[in-house]
Amino acid sequence: MELDETAARLGVPVEDVERVHQLAGDRPSAPLPDKADARAILGRLAVPPDDTTEIMAGWPDPDSPHWTPELRWLLDRSIALVRADLGGHGWLSPGPELPRERGPAWRHLYAYAYLALVDVVTAYHRDHGIADAVSWVTLADLGRNLAVDRRMRGEGWPVMQSWLTLHARGGLYELGRLQHQRGDGAIDLHIPESGPLTPEAVAASLDEARAFFPRHFPDEHYTAFACGSWLLDPQLREYLPEDSNIVRFQRRFELEPYDEQEGPDADVEVLRFGFRSLTTPLDELPRGSVLQRAIIDHLKAGRHWQWRRGRFPI
Ligand SMILES: CC(C)(COP(=O)(O)OP(=O)(O)OC[C@H]1O[C@@H](n2cnc3c(N)ncnc32)[C@H](O)[C@@H]1OP(=O)(O)O)[C@@H](O)C(=O)NCCC(=O)NCCS
């Protein structure tokens, strides 16, 4: 099949298909786990029951009616594309954003790719002496993201499909409260939605990382922890109490000068993380917490939120 025909059948821009074709080439893919083992693996990956049911129903069996040749091509080449960058830690899109409402294969194509990569990345972890418990806790972000995406009615997935390639390439590790992404000289911190961000939990996670990276990645030299987030916007201090966890987290960092062009649009990111909806009108959003009221009032006053980067020495 020609690439333009593949793109038309997938309902995506031809450039996106050309990119997959170029990056994956004829590099090796990886098989999905046996279907008989899939439920147990989905359980270890914290995939919620609704998604488990859909993923099992849409399983890419050779005779599945859900899987057209172009979907099978994309699944196979997307796995190859991500696998080709095993050990990488940059942002990587696994392929085009799909019209997911077309069915379970469309909806979960990149989740199937992730499942195929579980064996590949856990072997990479083992080569680096990383404990099984860290592997599975890290990889279980798949389930957390699927659950959030369901709350977001699918609005979260376009970012998540790329985000999850970090886990699938060995680029990111969940150590206690925080996720730690390998980088060039700095460990980038990410904050999953998993309860309050207490200073004690943050300190414990940083301590874990201080031991983890020299032990498992001795060739990489880290001098700083870094973070890019809506959480580091100093304007939050106009609204949040000084003893709030977010403000206390902010105090650890020295901020880089603000660059409006850098990072994602913070007005969107505060809606993503403060409401889990990107499209609800401001007047219809809940005002249940001081943060939610701050986000709404700030935007209604015509002001903007900032995506800020900061760092502090290891
Ligand atoms: C980061 C996070 C754990 C901080 O939560 P926390 O520890 O409760 O933070 P604080 O103590 O500073 O909270 C201060 C106030 O804001 C509220 N708040 C904090 N995060 C909130 C969120 N994501 N949504 C709604 N309200 C929130 C708290 O309930 C509290 O309000 P209250 O006193 O009226 O109850 C939380 O925002 C979260 O889970 N975010 C999602 C993940 C995320 O944003 N990651 C970073 C991506 S770049």
# chains A, B, ... in the order shown; residues from 1 in each chain; ligands from 1

call {"tool": "residues_around", "arguments": {"residues": "A:Ala226", "least_positions_apart": "3", "cutoff": "9 Å", "atoms": "only C-alpha atoms", "output": "PDB file with N, CA and C atoms, in the first residue's frame"}}
result
ATOM      1  N   ALA A 186      21.008  16.878  33.828  1.00  0.00           N
ATOM      2  CA  ALA A 186      19.987  17.133  34.852  1.00  0.00           C
ATOM      3  C   ALA A 186      18.916  16.050  34.786  1.00  0.00           C
ATOM      4  N   ILE A 187      18.395  15.705  35.940  1.00  0.00           N
ATOM      5  CA  ILE A 187      17.271  14.778  36.019  1.00  0.00           C
ATOM      6  C   ILE A 187      16.000  15.618  36.030  1.00  0.00           C
ATOM      7  N   ASP A 188      15.142  15.360  35.074  1.00  0.00           N
ATOM      8  CA  ASP A 188      13.914  16.142  34.965  1.00  0.00           C
ATOM      9  C   ASP A 188      12.834  15.495  35.835  1.00  0.00           C
ATOM     10  N   LEU A 189      12.220  16.302  36.690  1.00  0.00           N
ATOM     11  CA  LEU A 189      11.216  15.783  37.619  1.00  0.00           C
ATOM     12  C   LEU A 189       9.819  15.927  37.040  1.00  0.00           C
ATOM     13  N   PHE A 253      13.405  25.534  43.883  1.00  0.00           N
ATOM     14  CA  PHE A 253      13.946  25.781  42.544  1.00  0.00           C
ATOM     15  C   PHE A 253      14.463  27.194  42.350  1.00  0.00           C
ATOM     16  N   ARG A 309      10.479  26.880  33.894  1.00  0.00           N
ATOM     17  CA  ARG A 309      11.508  25.869  34.147  1.00  0.00           C
ATOM     18  C   ARG A 309      12.388  26.333  35.290  1.00  0.00           C
ATOM     19  N   GLY A 310      12.798  25.384  36.114  1.00  0.00           N
ATOM     20  CA  GLY A 310      13.698  25.707  37.206  1.00  0.00           C
ATOM     21  C   GLY A 310      14.590  24.516  37.503  1.00  0.00           C
ATOM     22  N   ARG A 311      15.605  24.763  38.362  1.00  0.00           N
ATOM     23  CA  ARG A 311      16.502  23.672  38.726  1.00  0.00           C
ATOM     24  C   ARG A 311      17.115  23.918  40.095  1.00  0.00           C
ATOM     25  N   PHE A 312      17.676  22.876  40.677  1.00  0.00           N
ATOM     26  CA  PHE A 312      18.463  23.025  41.896  1.00  0.00           C
ATOM     27  C   PHE A 312      19.516  21.918  41.899  1.00  0.00           C
ATOM     28  N   PRO A 313      20.643  22.182  42.582  1.00  0.00           N
ATOM     29  CA  PRO A 313      21.739  21.207  42.530  1.00  0.00           C
ATOM     30  C   PRO A 313      21.362  19.899  43.197  1.00  0.00           C
TER      31      PRO A 313
END

call {"tool": "closest_atom_pairs", "arguments": {"of": "chain A", "to": "ligand 1", "cutoff": "10 Å", "atoms": "only C-alpha atoms and all ligand atoms", "output": "CSV"}}
result
residue,atom,partner,partner_atom_place_in_ligand_line,distance
A:Arg177,CA,ligand 1,3 (C),9.2
A:Leu178,CA,ligand 1,45 (N),9.5
A:Leu189,CA,ligand 1,46 (C),9.0
A:His190,CA,ligand 1,46 (C),6.0
A:Ile191,CA,ligand 1,45 (N),4.3
A:Pro192,CA,ligand 1,42 (C),4.9
A:Glu193,CA,ligand 1,39 (O),3.8
A:Ser194,CA,ligand 1,39 (O),6.0
A:Gly195,CA,ligand 1,3 (C),5.5
A:Pro196,CA,ligand 1,7 (O),3.3
A:Leu197,CA,ligand 1,7 (O),3.8
A:Thr198,CA,ligand 1,7 (O),5.9
A:Pro199,CA,ligand 1,7 (O),8.9
A:Cys227,CA,ligand 1,48 (S),8.2
A:Gly228,CA,ligand 1,48 (S),6.6
A:Ser229,CA,ligand 1,48 (S),4.1
A:Trp230,CA,ligand 1,48 (S),5.7
A:Leu231,CA,ligand 1,46 (C),6.3
A:Leu232,CA,ligand 1,48 (S),8.8
A:Leu236,CA,ligand 1,12 (O),9.3
A:Arg237,CA,ligand 1,12 (O),9.9
A:Tyr239,CA,ligand 1,15 (C),9.1
A:Leu240,CA,ligand 1,14 (C),6.1
A:Pro241,CA,ligand 1,14 (C),7.3
A:Glu242,CA,ligand 1,12 (O),8.8
A:Asp243,CA,ligand 1,11 (O),7.5
A:Ser244,CA,ligand 1,12 (O),3.9
A:Asn245,CA,ligand 1,12 (O),3.7
A:Ile246,CA,ligand 1,12 (O),3.6
A:Val247,CA,ligand 1,12 (O),6.0
A:Arg248,CA,ligand 1,12 (O),7.6
A:Phe249,CA,ligand 1,12 (O),8.2
A:Gln250,CA,ligand 1,12 (O),9.7
A:Pro264,CA,ligand 1,48 (S),9.7
A:Ala266,CA,ligand 1,48 (S),9.3
A:Glu269,CA,ligand 1,48 (S),7.4
A:Val270,CA,ligand 1,44 (O),7.7
A:Leu271,CA,ligand 1,24 (N),8.9
A:Arg272,CA,ligand 1,44 (O),8.0
A:Phe273,CA,ligand 1,44 (O),4.7
A:Gly274,CA,ligand 1,24 (N),3.7
A:Phe275,CA,ligand 1,24 (N),5.9
A:Arg276,CA,ligand 1,24 (N),8.2
A:Pro286,CA,ligand 1,25 (C),9.1
A:Arg287,CA,ligand 1,25 (C),8.8
A:Gly288,CA,ligand 1,34 (O),6.6
A:Ser289,CA,ligand 1,34 (O),3.5
A:Val290,CA,ligand 1,34 (O),4.0
A:Leu291,CA,ligand 1,16 (O),4.1
A:Gln292,CA,ligand 1,26 (N),5.5
A:Arg293,CA,ligand 1,34 (O),8.6
A:Ala294,CA,ligand 1,16 (O),8.8
A:Ile295,CA,ligand 1,25 (C),9.5
A:Trp307,CA,ligand 1,48 (S),8.5
A:Arg308,CA,ligand 1,48 (S),9.7

call {"tool": "write_last_selection", "arguments": {"atoms": "C-alpha atoms", "output": "short mmCIF file (atom, residue, chain, number, x, y, z; two decimals), in the first residue's frame"}}
result
data_model
loop_
_atom_site.label_atom_id
_atom_site.label_comp_id
_atom_site.auth_asym_id
_atom_site.auth_seq_id
_atom_site.Cartn_x
_atom_site.Cartn_y
_atom_site.Cartn_z
CA ARG A 177 6.41 10.31 44.82
CA LEU A 178 8.13 11.61 41.67
CA LEU A 189 11.22 15.78 37.62
CA HIS A 190 7.60 14.94 36.85
CA ILE A 191 4.72 14.87 39.29
CA PRO A 192 2.12 12.16 38.74
CA GLU A 193 -1.36 12.58 40.13
CA SER A 194 -0.99 10.36 43.17
CA GLY A 195 -2.02 12.28 46.26
CA PRO A 196 -0.55 15.35 47.92
CA LEU A 197 2.95 16.55 47.09
CA THR A 198 4.22 16.64 50.67
CA PRO A 199 7.76 17.96 51.25
CA CYS A 227 11.50 20.68 36.22
CA GLY A 228 9.29 22.40 33.68
CA SER A 229 5.73 22.87 34.84
CA TRP A 230 2.70 25.04 35.48
CA LEU A 231 3.47 24.20 39.15
CA LEU A 232 6.51 26.52 39.03
CA LEU A 236 0.51 30.92 42.05
CA ARG A 237 1.87 32.57 45.19
CA TYR A 239 -3.34 32.75 45.53
CA LEU A 240 -1.93 29.77 47.41
CA PRO A 241 -0.92 29.85 51.08
CA GLU A 242 2.80 29.86 51.86
CA ASP A 243 2.53 26.45 53.51
CA SER A 244 0.78 24.79 50.56
CA ASN A 245 2.65 21.90 49.02
CA ILE A 246 2.91 23.61 45.65
CA VAL A 247 4.53 26.75 47.10
CA ARG A 248 6.89 24.65 49.21
CA PHE A 249 7.85 22.65 46.10
CA GLN A 250 8.49 25.93 44.23
CA PRO A 264 3.38 24.17 26.19
CA ALA A 266 0.32 27.08 30.44
CA GLU A 269 -1.92 22.99 31.14
CA VAL A 270 -3.58 24.48 34.23
CA LEU A 271 -6.93 23.32 32.87
CA ARG A 272 -5.51 19.88 32.12
CA PHE A 273 -4.09 19.38 35.62
CA GLY A 274 -6.50 21.48 37.68
CA PHE A 275 -9.76 20.31 36.08
CA ARG A 276 -8.96 17.44 33.73
CA PRO A 286 -15.90 23.61 39.55
CA ARG A 287 -14.59 26.08 42.15
CA GLY A 288 -13.90 23.43 44.77
CA SER A 289 -10.35 24.29 45.83
CA VAL A 290 -8.28 27.43 46.24
CA LEU A 291 -6.27 26.37 43.19
CA GLN A 292 -9.35 25.92 41.03
CA ARG A 293 -10.68 29.33 42.03
CA ALA A 294 -7.27 30.86 41.34
CA ILE A 295 -7.02 29.34 37.86
CA TRP A 307 5.03 27.41 32.04
CA ARG A 308 8.28 27.82 33.97
#

call {"tool": "closest_residue", "arguments": {"among": "A:Val118, A:Ile296, A:Leu278, A:Leu3", "to": "A:Met152", "atoms": "only C-alpha atoms"}}
result
A:Leu278

call {"tool": "closest_residue", "arguments": {"among": "A:Arg72, A:Arg9, A:His128, A:Arg77", "to": "A:Gly25", "atoms": "only C-alpha atoms"}}
result
A:Arg77

call {"tool": "residues_around", "arguments": {"residues": "A:Gln306", "least_positions_apart": "4", "cutoff": "8 Å", "atoms": "only C-alpha atoms", "output": "list in words"}}
result
Trp230, Asp233, Tyr258, Glu260, Asp265, Ala266 and Asp267 of chain A

call {"tool": "write_last_selection", "arguments": {"atoms": "all heavy atoms", "output": "PDB file, in the first residue's frame"}}
result
ATOM      1  N   TRP A 230       3.614  23.989  35.010  1.00  0.00           N
ATOM      2  CA  TRP A 230       2.705  25.040  35.478  1.00  0.00           C
ATOM      3  C   TRP A 230       2.878  25.233  36.988  1.00  0.00           C
ATOM      4  O   TRP A 230       2.616  26.306  37.512  1.00  0.00           O
ATOM      5  CB  TRP A 230       1.256  24.665  35.156  1.00  0.00           C
ATOM      6  CG  TRP A 230       0.747  23.460  35.919  1.00  0.00           C
ATOM      7  CD1 TRP A 230       0.900  22.144  35.579  1.00  0.00           C
ATOM      8  CD2 TRP A 230       0.032  23.479  37.156  1.00  0.00           C
ATOM      9  NE1 TRP A 230       0.327  21.342  36.538  1.00  0.00           N
ATOM     10  CE2 TRP A 230      -0.226  22.128  37.509  1.00  0.00           C
ATOM     11  CE3 TRP A 230      -0.427  24.490  38.015  1.00  0.00           C
ATOM     12  CZ2 TRP A 230      -0.905  21.768  38.672  1.00  0.00           C
ATOM     13  CZ3 TRP A 230      -1.112  24.134  39.160  1.00  0.00           C
ATOM     14  CH2 TRP A 230      -1.339  22.788  39.488  1.00  0.00           C
ATOM     15  N   ASP A 233       4.962  28.246  38.272  1.00  0.00           N
ATOM     16  CA  ASP A 233       4.564  29.626  37.971  1.00  0.00           C
ATOM     17  C   ASP A 233       4.521  30.431  39.279  1.00  0.00           C
ATOM     18  O   ASP A 233       3.714  30.147  40.168  1.00  0.00           O
ATOM     19  CB  ASP A 233       3.183  29.625  37.304  1.00  0.00           C
ATOM     20  CG  ASP A 233       2.768  31.030  36.864  1.00  0.00           C
ATOM     21  OD1 ASP A 233       3.339  32.013  37.371  1.00  0.00           O
ATOM     22  OD2 ASP A 233       1.858  31.120  36.020  1.00  0.00           O
ATOM     23  N   TYR A 258      11.836  33.797  32.209  1.00  0.00           N
ATOM     24  CA  TYR A 258      10.622  33.378  31.518  1.00  0.00           C
ATOM     25  C   TYR A 258      10.771  33.558  30.014  1.00  0.00           C
ATOM     26  O   TYR A 258      11.182  34.613  29.541  1.00  0.00           O
ATOM     27  CB  TYR A 258       9.423  34.181  32.026  1.00  0.00           C
ATOM     28  CG  TYR A 258       8.119  33.762  31.374  1.00  0.00           C
ATOM     29  CD1 TYR A 258       7.783  32.419  31.269  1.00  0.00           C
ATOM     30  CD2 TYR A 258       7.234  34.707  30.873  1.00  0.00           C
ATOM     31  CE1 TYR A 258       6.604  32.024  30.675  1.00  0.00           C
ATOM     32  CE2 TYR A 258       6.032  34.316  30.285  1.00  0.00           C
ATOM     33  CZ  TYR A 258       5.725  32.982  30.187  1.00  0.00           C
ATOM     34  OH  TYR A 258       4.564  32.588  29.599  1.00  0.00           O
ATOM     35  N   GLU A 260       8.283  33.016  26.889  1.00  0.00           N
ATOM     36  CA  GLU A 260       6.905  32.719  26.494  1.00  0.00           C
ATOM     37  C   GLU A 260       6.828  31.641  25.412  1.00  0.00           C
ATOM     38  O   GLU A 260       5.862  30.898  25.321  1.00  0.00           O
ATOM     39  CB  GLU A 260       6.264  34.014  25.961  1.00  0.00           C
ATOM     40  CG  GLU A 260       4.798  34.123  26.252  1.00  0.00           C
ATOM     41  CD  GLU A 260       4.227  35.412  25.700  1.00  0.00           C
ATOM     42  OE1 GLU A 260       4.863  36.467  25.885  1.00  0.00           O
ATOM     43  OE2 GLU A 260       3.164  35.355  25.067  1.00  0.00           O
ATOM     44  N   ASP A 265       1.472  25.665  26.238  1.00  0.00           N
ATOM     45  CA  ASP A 265       0.657  26.807  26.658  1.00  0.00           C
ATOM     46  C   ASP A 265       0.150  26.550  28.088  1.00  0.00           C
ATOM     47  O   ASP A 265      -0.665  25.662  28.322  1.00  0.00           O
ATOM     48  CB  ASP A 265      -0.517  26.940  25.676  1.00  0.00           C
ATOM     49  CG  ASP A 265      -1.421  28.112  26.016  1.00  0.00           C
ATOM     50  OD1 ASP A 265      -1.350  28.628  27.148  1.00  0.00           O
ATOM     51  OD2 ASP A 265      -2.223  28.492  25.144  1.00  0.00           O
ATOM     52  N   ALA A 266       0.642  27.347  29.028  1.00  0.00           N
ATOM     53  CA  ALA A 266       0.316  27.083  30.439  1.00  0.00           C
ATOM     54  C   ALA A 266      -1.169  27.290  30.733  1.00  0.00           C
ATOM     55  O   ALA A 266      -1.707  26.679  31.661  1.00  0.00           O
ATOM     56  CB  ALA A 266       1.165  27.967  31.344  1.00  0.00           C
ATOM     57  N   ASP A 267      -1.848  28.152  29.954  1.00  0.00           N
ATOM     58  CA  ASP A 267      -3.297  28.336  30.172  1.00  0.00           C
ATOM     59  C   ASP A 267      -4.042  27.024  29.893  1.00  0.00           C
ATOM     60  O   ASP A 267      -5.077  26.751  30.496  1.00  0.00           O
ATOM     61  CB  ASP A 267      -3.856  29.442  29.266  1.00  0.00           C
ATOM     62  CG  ASP A 267      -3.391  30.829  29.702  1.00  0.00           C
ATOM     63  OD1 ASP A 267      -2.876  30.954  30.833  1.00  0.00           O
ATOM     64  OD2 ASP A 267      -3.543  31.775  28.905  1.00  0.00           O
TER      65      ASP A 267
END
